[in-house]
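The structure file start.txt is reproduced below (compact mmCIF, C-alpha atoms).
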# COMPACT_ATOMS: atom_id res chain seq x y z
CA MET A 1 0.00 0.00 0.00
CA LYS A 2 1.34 3.41 -0.91
CA LEU A 3 0.01 6.77 0.31
CA LYS A 4 0.81 10.01 -1.51
CA MET A 5 -0.27 13.42 -0.28
CA GLN A 6 -0.45 16.43 -2.56
CA HIS A 7 2.91 18.13 -3.09
CA GLY A 8 5.06 15.10 -2.30
CA CYS A 9 4.64 13.70 1.22
CA SER A 10 4.37 9.89 0.96
CA LEU A 11 4.39 6.63 2.92
CA THR A 12 4.87 3.08 1.67
CA GLY A 13 3.76 -0.15 3.34
CA ASP A 14 3.70 0.20 7.10
CA GLY A 15 5.12 3.74 7.04
CA SER A 16 8.72 2.84 6.28
CA THR A 17 10.26 2.94 2.84
CA ASN A 18 11.47 -0.68 2.79
CA SER A 19 8.42 -2.83 3.48
CA SER A 20 5.21 -3.83 1.77
CA LEU A 21 1.90 -4.46 3.44
CA LYS A 22 0.96 -8.08 2.83
CA PHE A 23 -2.77 -8.65 2.80
CA GLN A 24 -2.44 -12.28 3.89
CA ILE A 25 -1.50 -11.02 7.37
CA PHE A 26 -3.76 -7.99 7.26
CA PHE A 27 -5.42 -6.63 10.37
CA SER A 28 -7.12 -3.39 11.34
CA PHE A 29 -4.82 -0.62 12.50
CA LYS A 30 -4.26 3.12 12.45
CA LEU A 31 -1.11 5.08 11.67
CA VAL A 32 -0.85 8.71 12.79
CA PHE A 33 1.71 10.81 10.95
CA ASN A 34 2.72 14.43 10.39
CA CYS A 35 2.72 15.90 6.90
CA PHE A 36 2.82 19.59 5.94
CA GLY A 37 2.86 20.45 9.65
CA GLN A 38 -0.54 18.79 10.11
CA HIS A 39 -1.50 15.42 11.60
CA PHE A 40 -3.31 12.70 9.65
CA CYS A 41 -4.53 9.23 10.55
CA LEU A 42 -4.30 6.45 7.96
CA HIS A 43 -6.80 3.66 8.68
CA PHE A 44 -6.60 0.07 7.47
CA ASP A 45 -9.67 -2.01 8.18
CA GLU A 46 -10.86 -5.53 7.45
CA PHE A 47 -14.61 -6.22 7.50
CA LEU A 48 -17.42 -8.06 5.74
CA LEU A 49 -19.28 -6.45 2.86
CA GLY A 50 -22.36 -8.67 2.90
CA VAL A 51 -20.66 -12.05 3.19
CA ALA A 52 -17.48 -11.09 1.31
CA PRO A 53 -14.34 -10.18 3.27
CA VAL A 54 -12.91 -6.83 2.15
CA TYR A 55 -10.08 -4.53 3.11
CA MET A 56 -10.40 -0.77 3.23
CA ALA A 57 -7.92 2.06 3.61
CA PHE A 58 -8.79 5.72 4.13
CA LEU A 59 -7.28 8.90 5.51
CA ARG A 60 -8.63 11.24 8.18
CA PHE A 61 -7.37 14.71 9.00
CA ILE A 62 -6.91 15.49 12.69
CA ASP A 63 -8.89 18.73 12.65
CA ASP A 64 -12.21 19.93 11.27
CA ALA A 65 -13.87 19.17 7.91
CA ASN A 66 -13.28 22.65 6.48
CA GLU A 67 -9.52 22.31 6.94
CA ALA A 68 -9.54 18.73 5.59
CA LYS A 69 -10.83 20.04 2.24
CA ASN A 70 -7.47 21.79 1.74
CA PHE A 71 -5.72 18.42 1.23
CA THR A 72 -5.90 15.59 -1.30
CA TYR A 73 -4.35 12.15 -1.23
CA SER A 74 -4.06 8.96 -3.22
CA LEU A 75 -3.77 5.36 -2.07
CA GLU A 76 -2.30 2.75 -4.34
CA VAL A 77 -2.15 -1.03 -4.08
CA GLY A 78 -0.87 -3.39 -6.71
CA GLY A 79 1.11 -6.38 -7.73
CA ASN A 80 1.13 -9.21 -10.24
CA GLY A 81 1.04 -6.66 -13.08
CA ARG A 82 -2.08 -4.87 -11.77
CA LYS A 83 -2.67 -1.66 -9.81
CA MET A 84 -5.64 0.06 -8.12
CA THR A 85 -5.56 3.73 -7.09
CA TRP A 86 -7.95 5.78 -4.96
CA HIS A 87 -7.85 9.60 -5.00
CA GLY A 88 -9.69 11.51 -2.31
CA VAL A 89 -9.97 14.28 0.22
CA PRO A 90 -9.28 13.20 3.81
CA ARG A 91 -12.26 13.12 6.13
CA SER A 92 -12.17 15.00 9.41
CA ILE A 93 -11.27 12.99 12.51
CA ARG A 94 -14.59 14.30 13.81
CA ASP A 95 -16.31 11.97 11.35
CA GLY A 96 -16.33 8.68 13.21
CA HIS A 97 -14.39 5.68 11.90
CA ARG A 98 -17.60 3.72 11.23
CA LYS A 99 -19.22 6.65 9.43
CA VAL A 100 -16.31 6.84 7.00
CA ARG A 101 -16.07 3.07 6.61
CA ASP A 102 -19.81 2.63 6.10
CA SER A 103 -19.81 5.32 3.39
CA TYR A 104 -17.01 3.41 1.54
CA ASP A 105 -15.08 6.69 1.22
CA GLY A 106 -11.72 5.03 0.65
CA LEU A 107 -9.91 2.27 -1.21
CA VAL A 108 -11.98 -0.93 -0.89
CA ILE A 109 -10.45 -4.21 -2.07
CA HIS A 110 -12.11 -7.61 -2.02
CA ARG A 111 -9.97 -10.28 -0.37
CA ASP A 112 -9.68 -12.35 -3.56
CA MET A 113 -8.26 -9.38 -5.44
CA ALA A 114 -5.82 -8.60 -2.62
CA LEU A 115 -4.59 -12.19 -2.71
CA PHE A 116 -4.22 -11.98 -6.47
CA PHE A 117 -2.10 -8.82 -6.14
CA PHE A 118 0.30 -10.68 -3.89
CA GLY A 119 0.40 -13.99 -5.75
CA GLY A 120 -1.90 -15.90 -3.40
CA ASN A 121 -4.71 -18.25 -4.30
CA ARG A 122 -7.92 -16.74 -5.62
Could you write out this structure as structure tokens?
Amino acid sequence: MKLKMQHGCSLTGDGSTNSSLKFQIFFSFKLVFNCFGQHFCLHFDEFLLGVAPVYMAFLRFIDDANEAKNFTYSLEVGGNGRKMTWHGVPRSIRDGHRKVRDSYDGLVIHRDMALFFFGGNR
């Protein structure tokens, strides 16, 4: 998973530059980081969409919604010759985690596709 903020701030994998997030060992977590002198929270979540397991990643801005609109970001996941990219505006931290997740305002990947990206069984 790769995160790019407007004007060049970026993270890869688990926040370091030398690792890749492997979906086979995926779990829900949050990563708080500073970019452009502001704080953001990158969420990774695993849940069921109906009966299908999916993974979702989205970004929240640690301030109000009006300030969040000043930023854009993209999330990218890929492998095995394929790539998916999500472009968005971070949601305010004041929007609850479930509200953002339930609106699908982020990169949503079905488990089978995630396994395909990383060479696993489909």
Considering only C-alpha atoms, give me a table of residues in range 81-110 of chain A that are at most 6 Å from range 40-55 of chain A, with the closest atom pair and distance in Å for each, as a Markdown table.
| residue | atom | partner | partner_atom | distance |
| --- | --- | --- | --- | --- |
| A:Val108 | CA | A:Tyr55 | CA | 5.7 |
| A:Ile109 | CA | A:Tyr55 | CA | 5.2 |
| A:His110 | CA | A:Val54 | CA | 4.3 |
Query - One-decimal distance in Å that lies between CA of Gly79 in chain A and CA of Asn34 in chain A - result: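 It comes out at 27.6 Å.
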**Report entry** Distance in Å - CA of Phe61 in chain A versus CA of Gln38 in chain A
**Finding:** 8.0 Å
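One finds CA of Met56 in chain A at 5.4 Å from CA of Leu107 in chain A.
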Query - 9 Å contact set for Arg60 in chain A, only C-alpha atoms, chain neighbours under 4 positions out, as an MDAnalysis selection string - result: chainID A and resid 39:43 68 89:95 97 100
